[in-house]
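For reference, the structure is listed below as structure tokens.
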Amino acid sequence: MGFRWGIIGFGWVARDHAAPGIEAAGGMLAAVADPDPAARAAAEALGARAFPSPDALLAARCCDALYVATPNHLHRAAVEAAAAAGLPVLCEKPMAATLADAEAMAQAVRRAGTPYGTAFDQRHHPAHEAMRAMIREGRIGTPVAVRIVYACWLGPGWCADNWRADPARAGGGALMDLAPHGLDLAQFLLDDGIADIAALKQSRVQDYAVDDGAMLVARLAGGALASLHVAYNHPEHLPRRRLEVLGTGGLLLAEDTMGQVAGGRLFHDGAPVPFADGDPFARQMAAFQRFVTTGQGEFSLERDVATARWLHAANAAPLPVRAAA
Ligand SMILES: NC(=O)c1ccc[n+]([C@@H]2O[C@H](COP(=O)([O-])OP(=O)(O)OC[C@H]3O[C@@H](n4cnc5c(N)ncnc54)[C@H](O)[C@@H]3O)[C@@H](O)[C@H]2O)c1
């Protein structure tokens, strides 16, 4: 029998990316918990058992690990329940809607001593791994700055229940949703931790109670700077996924690599750099399976809580009142 996954929250990212990723990683989708009957029917169509609540799934004792992909405000309850049941858990980003929830989750996992990872799938994109290797080899000299644009268009009616526009359930807007990836990637690429952060938010285009854009700047412990432009107000047909690492000896540029899927382009001083094919979600699920079964891998609860602290510090920036059109 393959590695048995349970999924709490079988919505967009779980169905479109995690479930195929589990299959590609040689794992098995054993069970799903979701209050939505349509989500449960989708899980059953894949051969999984389906439960209306996380408690019911946990009581069935049919999983080796859980993947949590509920709206952000429900991550805490799911992770605490998993820890209490002694189950490893891979939890979607952001770790939680509030810092208090993230700290409580970390405490529950520490107490249980169970494996934990935040689902930073972009660490597992082969282009990003290639960039990290080149930086480690000194191919761009001393890294000076990471410059990220990660943006999309998310209107108020993006889906029937647009929890991303609800401050209580999301914990914030574009910053809370999109900045976790860049904050984690900057640290991953430079093998360094964040030492300071500042942010400004905007409420420019979208008519909802969360920010529709933000710019963040972070300084890493070694002295490099990282800038992140994240947005829900960015037309989708314009270039909107760009990752640069500038060093004293060169520039790495990745286009359309940030996201959930394989592909994109990588350049070193303008010259194309080939990189391996590979789906970031499938590679992430395989890596977490390995982490659970062998203890080997770069998942770290303490690193992820530290990132959550910087994320929530940035998210404390005030939301300006939207200017009249
Ligand atoms: N890593 C990535 O690239 C990535 C991409 C998209 C979303 N995410 C994260 O994944 C999470 C889910 O996002 P989504 O876009 O799939 O949302 P979604 O709204 O499409 O899916 C959420 C699912 O959770 C279910 N749910 C609600 N309450 C529940 C409960 N009490 N127990 C179990 N299930 C419950 C809903 O019915 C729904 O099916 C969020 O935290 C989001 O930030 C990460």
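Scheme for the structure tokens: letters A, B, ... for chains in order shown; per-chain residue numbers from 1; ligand numbers from 1 in order shown.
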I'd like the contact shell of Ala38 in chain A - 12 Å cut-off, only C-alpha atoms, skipping same-chain residues fewer than 3 positions apart - returned as a tab-separated table (two decimals) with all heavy atoms, in the first residue's frame.
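What follows is the written file around_34.tsv:
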chain	number	residue	atom	x	y	z
A	9	GLY	N	-10.29	19.81	3.56
A	9	GLY	CA	-10.61	20.93	2.67
A	9	GLY	C	-10.28	20.56	1.24
A	9	GLY	O	-9.13	20.71	0.80
A	10	PHE	N	-11.30	20.08	0.51
A	10	PHE	CA	-11.04	19.56	-0.85
A	10	PHE	C	-11.58	20.56	-1.88
A	10	PHE	O	-12.48	20.26	-2.65
A	10	PHE	CB	-11.69	18.19	-0.99
A	10	PHE	CG	-11.10	17.35	-2.10
A	10	PHE	CD1	-9.73	17.11	-2.15
A	10	PHE	CD2	-11.90	16.79	-3.07
A	10	PHE	CE1	-9.18	16.33	-3.15
A	10	PHE	CE2	-11.37	16.00	-4.08
A	10	PHE	CZ	-10.00	15.78	-4.12
A	11	GLY	N	-11.00	21.77	-1.86
A	11	GLY	CA	-11.39	22.81	-2.81
A	11	GLY	C	-10.43	22.89	-3.98
A	11	GLY	O	-9.86	21.89	-4.40
A	15	ARG	N	-7.95	19.85	-5.07
A	15	ARG	CA	-8.40	19.03	-6.22
A	15	ARG	C	-7.49	19.16	-7.42
A	15	ARG	O	-7.13	18.17	-8.06
A	15	ARG	CB	-9.80	19.47	-6.65
A	15	ARG	CG	-10.88	19.02	-5.70
A	15	ARG	CD	-12.23	19.34	-6.31
A	15	ARG	NE	-13.09	19.89	-5.28
A	15	ARG	CZ	-14.35	20.24	-5.47
A	15	ARG	NH1	-14.92	20.07	-6.64
A	15	ARG	NH2	-15.06	20.73	-4.49
A	32	VAL	N	-10.91	12.24	2.51
A	32	VAL	CA	-11.09	13.69	2.42
A	32	VAL	C	-12.13	14.09	3.47
A	32	VAL	O	-13.09	13.36	3.71
A	32	VAL	CB	-11.56	14.07	1.00
A	32	VAL	CG1	-12.28	15.39	0.97
A	32	VAL	CG2	-10.37	14.09	0.05
A	33	ALA	N	-11.92	15.27	4.10
A	33	ALA	CA	-12.97	15.84	4.96
A	33	ALA	C	-13.36	17.19	4.39
A	33	ALA	O	-12.49	18.05	4.17
A	33	ALA	CB	-12.45	16.02	6.39
A	34	ASP	N	-14.64	17.37	4.14
A	34	ASP	CA	-15.11	18.65	3.61
A	34	ASP	C	-16.62	18.72	3.87
A	34	ASP	O	-17.34	17.75	3.59
A	34	ASP	CB	-14.81	18.76	2.11
A	34	ASP	CG	-14.84	20.21	1.62
A	34	ASP	OD1	-15.90	20.87	1.78
A	34	ASP	OD2	-13.82	20.66	1.08
A	35	PRO	N	-17.12	19.85	4.40
A	35	PRO	CA	-18.57	19.95	4.64
A	35	PRO	C	-19.38	20.08	3.36
A	35	PRO	O	-20.60	19.90	3.39
A	35	PRO	CB	-18.69	21.24	5.49
A	35	PRO	CG	-17.45	22.02	5.20
A	35	PRO	CD	-16.39	21.03	4.88
A	41	ALA	N	-18.22	14.39	-3.09
A	41	ALA	CA	-18.50	13.57	-4.29
A	41	ALA	C	-17.27	13.53	-5.20
A	41	ALA	O	-16.93	12.48	-5.76
A	41	ALA	CB	-19.71	14.15	-5.03
A	42	ALA	N	-16.58	14.67	-5.31
A	42	ALA	CA	-15.37	14.71	-6.15
A	42	ALA	C	-14.31	13.77	-5.58
A	42	ALA	O	-13.59	13.08	-6.32
A	42	ALA	CB	-14.84	16.13	-6.24
A	43	ALA	N	-14.21	13.71	-4.25
A	43	ALA	CA	-13.22	12.83	-3.62
A	43	ALA	C	-13.59	11.37	-3.84
A	43	ALA	O	-12.73	10.53	-4.15
A	43	ALA	CB	-13.14	13.14	-2.13
A	44	GLU	N	-14.88	11.07	-3.68
A	44	GLU	CA	-15.31	9.68	-3.86
A	44	GLU	C	-15.09	9.22	-5.31
A	44	GLU	O	-14.75	8.06	-5.56
A	44	GLU	CB	-16.78	9.54	-3.44
A	44	GLU	CG	-16.90	9.50	-1.91
A	44	GLU	CD	-18.34	9.66	-1.41
A	44	GLU	OE1	-19.22	10.06	-2.21
A	44	GLU	OE2	-18.57	9.39	-0.22
A	45	ALA	N	-15.25	10.15	-6.23
A	45	ALA	CA	-15.02	9.80	-7.65
A	45	ALA	C	-13.56	9.42	-7.88
A	45	ALA	O	-13.24	8.70	-8.83
A	45	ALA	CB	-15.41	10.98	-8.54
A	50	ALA	N	-14.91	9.77	2.04
A	50	ALA	CA	-15.23	11.18	2.22
A	50	ALA	C	-16.02	11.37	3.51
A	50	ALA	O	-16.96	10.61	3.79
A	50	ALA	CB	-16.04	11.70	1.04
A	51	PHE	N	-15.60	12.36	4.29
A	51	PHE	CA	-16.20	12.63	5.60
A	51	PHE	C	-16.63	14.09	5.66
A	51	PHE	O	-15.97	14.96	5.09
A	51	PHE	CB	-15.19	12.35	6.71
A	51	PHE	CG	-14.70	10.93	6.75
A	51	PHE	CD1	-13.54	10.56	6.07
A	51	PHE	CD2	-15.40	9.95	7.45
A	51	PHE	CE1	-13.09	9.25	6.10
A	51	PHE	CE2	-14.94	8.63	7.49
A	51	PHE	CZ	-13.78	8.28	6.81
A	52	PRO	N	-17.71	14.37	6.43
A	52	PRO	CA	-18.17	15.76	6.51
A	52	PRO	C	-17.34	16.64	7.44
A	52	PRO	O	-17.45	17.86	7.39
A	52	PRO	CB	-19.61	15.62	7.05
A	52	PRO	CG	-19.64	14.31	7.74
A	52	PRO	CD	-18.62	13.43	7.09
Next item on the list: Could you give me, as an NGL selection string, each residue of range 27-243 of chain A that DSSP assigns to strand (DSSP E or B) when run on this structure's backbone?
Entry: :A and (28-33 or 49-51 or 65-68 or 89-91 or 116-118 or 143-151 or 153 or 194-202 or 213-220 or 225-231 or 233 or 241-243)
Would you put the residues from that selection into a file with C-alpha atoms, as a compact mmCIF listing (two decimals), in the first residue's frame?
# COMPACT_ATOMS: atom_id res chain seq x y z
CA MET A 28 -2.68 7.41 -2.27
CA LEU A 29 -5.57 9.78 -1.56
CA ALA A 30 -7.18 7.74 1.22
CA ALA A 31 -9.71 10.20 2.65
CA VAL A 32 -11.09 13.69 2.42
CA ALA A 33 -12.97 15.84 4.96
CA ARG A 49 -13.38 7.95 1.53
CA ALA A 50 -15.23 11.18 2.22
CA PHE A 51 -16.20 12.63 5.60
CA ALA A 65 -0.40 12.19 6.99
CA LEU A 66 -2.78 15.09 6.47
CA TYR A 67 -2.73 17.93 3.99
CA VAL A 68 -4.74 20.95 5.19
CA VAL A 89 0.65 17.49 8.68
CA LEU A 90 1.45 19.54 5.61
CA CYS A 91 -0.53 22.77 5.98
CA TYR A 116 5.09 19.51 10.20
CA GLY A 117 5.53 21.43 6.95
CA THR A 118 3.96 24.55 5.46
CA PRO A 143 23.75 38.19 -3.69
CA VAL A 144 22.55 41.74 -3.21
CA ALA A 145 18.80 41.70 -3.84
CA VAL A 146 15.83 39.43 -4.58
CA ARG A 147 13.11 41.20 -6.59
CA ILE A 148 9.71 39.55 -6.89
CA VAL A 149 6.48 40.35 -8.69
CA TYR A 150 3.72 37.86 -7.88
CA ALA A 151 0.30 39.17 -8.81
CA TRP A 153 -6.60 39.60 -10.76
CA ILE A 194 14.67 37.45 7.35
CA ALA A 195 15.96 40.03 9.84
CA ASP A 196 13.62 42.99 9.20
CA ILE A 197 10.54 43.86 7.18
CA ALA A 198 8.36 46.80 6.16
CA ALA A 199 5.24 47.00 4.02
CA LEU A 200 2.70 49.34 2.47
CA LYS A 201 -0.76 48.20 1.36
CA GLN A 202 -3.18 49.62 -1.14
CA GLY A 213 -2.06 45.09 -3.45
CA ALA A 214 1.04 45.56 -1.35
CA MET A 215 4.75 46.16 -1.57
CA LEU A 216 7.04 44.60 0.99
CA VAL A 217 10.72 45.01 1.57
CA ALA A 218 12.73 42.67 3.76
CA ARG A 219 16.37 42.54 4.81
CA LEU A 220 17.94 39.17 5.26
CA LEU A 225 17.35 42.92 0.46
CA ALA A 226 14.15 41.41 -0.93
CA SER A 227 11.30 43.34 -2.52
CA LEU A 228 7.89 41.83 -3.17
CA HIS A 229 5.08 43.34 -5.21
CA VAL A 230 1.94 41.28 -4.61
CA ALA A 231 -1.46 42.16 -6.01
CA ASN A 233 -5.45 44.13 -9.07
CA ARG A 241 5.21 36.38 -12.21
CA ARG A 242 8.84 37.47 -12.13
CA LEU A 243 11.67 36.53 -9.79
Next item on the list: Report as a PyMOL selection string which protein, DNA and RNA residues come within 8 Å of ligand 1, using only C-alpha atoms and all ligand atoms.
Entry: chain A and resi 8-15+33-36+39+52-54+68-72+74-75+78+91-96+119-122+161-163+170+177+181+259-260
Check: What does the distance from CA of Arg110 in chain A to CA of Leu57 in chain A come to in Å, to one decimal?
Finding: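 Going from CA of Arg110 in chain A over to CA of Leu57 in chain A, I get 22.5 Å.
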Note to self: Based on the backbone DSSP call, show me all residues of range 137-225 of chain A assigned helix (DSSP H, G or I), as a ChimeraX atom specification.
What the structure shows: /A:163-165,167-170,174-190
Atoms to include: C-alpha atoms. Write the selected residues as a PDB file, in the first residue's frame.
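part-v2.pdb, freshly written:
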ATOM      1  CA  TRP A 163     -13.390  33.958   1.530  1.00  0.00           C
ATOM      2  CA  ARG A 164     -10.148  35.597   0.279  1.00  0.00           C
ATOM      3  CA  ALA A 165     -11.948  38.972   0.425  1.00  0.00           C
ATOM      4  CA  PRO A 167     -10.610  39.704   6.568  1.00  0.00           C
ATOM      5  CA  ALA A 168     -11.852  37.332   9.292  1.00  0.00           C
ATOM      6  CA  ARG A 169     -11.390  34.189   7.229  1.00  0.00           C
ATOM      7  CA  ALA A 170      -8.359  35.159   5.125  1.00  0.00           C
ATOM      8  CA  ALA A 174      -3.180  40.076  -1.466  1.00  0.00           C
ATOM      9  CA  LEU A 175      -0.385  40.464   1.081  1.00  0.00           C
ATOM     10  CA  MET A 176      -1.563  37.604   3.294  1.00  0.00           C
ATOM     11  CA  ASP A 177      -2.313  35.325   0.335  1.00  0.00           C
ATOM     12  CA  LEU A 178       0.595  35.941  -2.020  1.00  0.00           C
ATOM     13  CA  ALA A 179       3.516  37.262   0.067  1.00  0.00           C
ATOM     14  CA  PRO A 180       4.148  33.985   1.968  1.00  0.00           C
ATOM     15  CA  HIS A 181       5.544  32.398  -1.195  1.00  0.00           C
ATOM     16  CA  GLY A 182       8.005  35.209  -1.877  1.00  0.00           C
ATOM     17  CA  LEU A 183       9.116  35.524   1.741  1.00  0.00           C
ATOM     18  CA  ASP A 184       9.842  31.808   1.840  1.00  0.00           C
ATOM     19  CA  LEU A 185      11.500  31.744  -1.596  1.00  0.00           C
ATOM     20  CA  ALA A 186      13.859  34.630  -0.813  1.00  0.00           C
ATOM     21  CA  GLN A 187      15.051  32.762   2.296  1.00  0.00           C
ATOM     22  CA  PHE A 188      15.281  29.470   0.363  1.00  0.00           C
ATOM     23  CA  LEU A 189      17.257  30.964  -2.528  1.00  0.00           C
ATOM     24  CA  LEU A 190      19.769  32.774  -0.320  1.00  0.00           C
TER      25      LEU A 190
END
Notebook entry, point to check: Please, what distance in Å, to one decimal, runs between CA of His124 in chain A and CA of Phe281 in chain A?
Noted result: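 Straight-line distance from CA of His124 in chain A to CA of Phe281 in chain A works out to 7.4 Å.
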Checklist line | Nearest candidate to Gly155 in chain A (options A:Arg76, A:Arg136, A:His234, A:His125; using only C-alpha atoms) | finding: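 Selected residue with least distance to Gly155 in chain A: A:His234.
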Margin query: List as a VMD selection string the protein and nucleic acid residues near Gly249 in chain A, meaning an atom at most 12 Å away when only C-alpha atoms are counted, but skip any in the same chain fewer than 4 places from it.
Written below: chain A and resid 134 to 135 137 to 144 245 268 to 269
Residues from the last selection, N, CA and C atoms, saved as an mmCIF file, in the first residue's frame:
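This went into out.cif:
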data_model
loop_
_atom_site.group_PDB
_atom_site.id
_atom_site.type_symbol
_atom_site.label_atom_id
_atom_site.label_comp_id
_atom_site.auth_asym_id
_atom_site.auth_seq_id
_atom_site.Cartn_x
_atom_site.Cartn_y
_atom_site.Cartn_z
ATOM 1 N N MET A 134 22.935 27.540 -8.317
ATOM 2 C CA MET A 134 23.849 28.486 -8.976
ATOM 3 C C MET A 134 24.335 29.555 -7.984
ATOM 4 N N ILE A 135 23.429 29.999 -7.116
ATOM 5 C CA ILE A 135 23.814 31.010 -6.114
ATOM 6 C C ILE A 135 24.823 30.405 -5.143
ATOM 7 N N GLU A 137 26.882 28.082 -5.774
ATOM 8 C CA GLU A 137 28.162 27.893 -6.489
ATOM 9 C C GLU A 137 28.881 29.215 -6.731
ATOM 10 N N GLY A 138 28.274 30.334 -6.354
ATOM 11 C CA GLY A 138 28.914 31.636 -6.538
ATOM 12 C C GLY A 138 28.764 32.199 -7.940
ATOM 13 N N ARG A 139 27.831 31.668 -8.735
ATOM 14 C CA ARG A 139 27.726 32.076 -10.138
ATOM 15 C C ARG A 139 27.251 33.511 -10.313
ATOM 16 N N ILE A 140 26.636 34.108 -9.278
ATOM 17 C CA ILE A 140 26.268 35.530 -9.394
ATOM 18 C C ILE A 140 27.021 36.372 -8.358
ATOM 19 N N GLY A 141 28.078 35.831 -7.829
ATOM 20 C CA GLY A 141 28.864 36.583 -6.844
ATOM 21 C C GLY A 141 28.121 36.704 -5.527
ATOM 22 N N THR A 142 28.274 37.847 -4.893
ATOM 23 C CA THR A 142 27.589 38.090 -3.610
ATOM 24 C C THR A 142 26.155 38.529 -3.894
ATOM 25 N N PRO A 143 25.146 37.776 -3.441
ATOM 26 C CA PRO A 143 23.752 38.193 -3.689
ATOM 27 C C PRO A 143 23.461 39.514 -2.994
ATOM 28 N N VAL A 144 22.832 40.399 -3.724
ATOM 29 C CA VAL A 144 22.546 41.743 -3.211
ATOM 30 C C VAL A 144 21.047 41.931 -2.984
ATOM 31 N N VAL A 245 17.222 37.478 -8.958
ATOM 32 C CA VAL A 245 18.234 37.551 -7.894
ATOM 33 C C VAL A 245 19.457 38.233 -8.494
ATOM 34 N N HIS A 268 20.342 33.440 -17.063
ATOM 35 C CA HIS A 268 21.509 33.895 -16.296
ATOM 36 C C HIS A 268 22.201 34.956 -17.153
ATOM 37 N N ASP A 269 22.206 36.173 -16.694
ATOM 38 C CA ASP A 269 22.747 37.297 -17.474
ATOM 39 C C ASP A 269 22.164 37.307 -18.886
#
Checklist line | Contacts of range 21-26 of chain A within 10 Å, only C-alpha atoms, excl. fewer than 4 positions in-chain, as a PyMOL selection string | finding: chain A and resi 1-5+14-17+279-289
Next item on the list: Using only C-alpha atoms, pick whichever of A:His128, A:Arg309, A:Arg322, A:Arg240 has the shortest atom-to-atom distance to Tyr208 in chain A.
Entry: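 Result for the nearest residue to Tyr208 in chain A: A:Arg322.
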Margin query: Counting only C-alpha atoms, which residue out of A:His312, A:Ala323, A:Tyr232, A:Gln296 sits closest to Ala102 in chain A?
Written below: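 Of A:His312, A:Ala323, A:Tyr232, A:Gln296, the one nearest Ala102 in chain A, counting only C-alpha atoms, is A:His312.
Straight-line separation from CA of Cys63 in chain A to CA of Ala262 in chain A: 27.7 Å.
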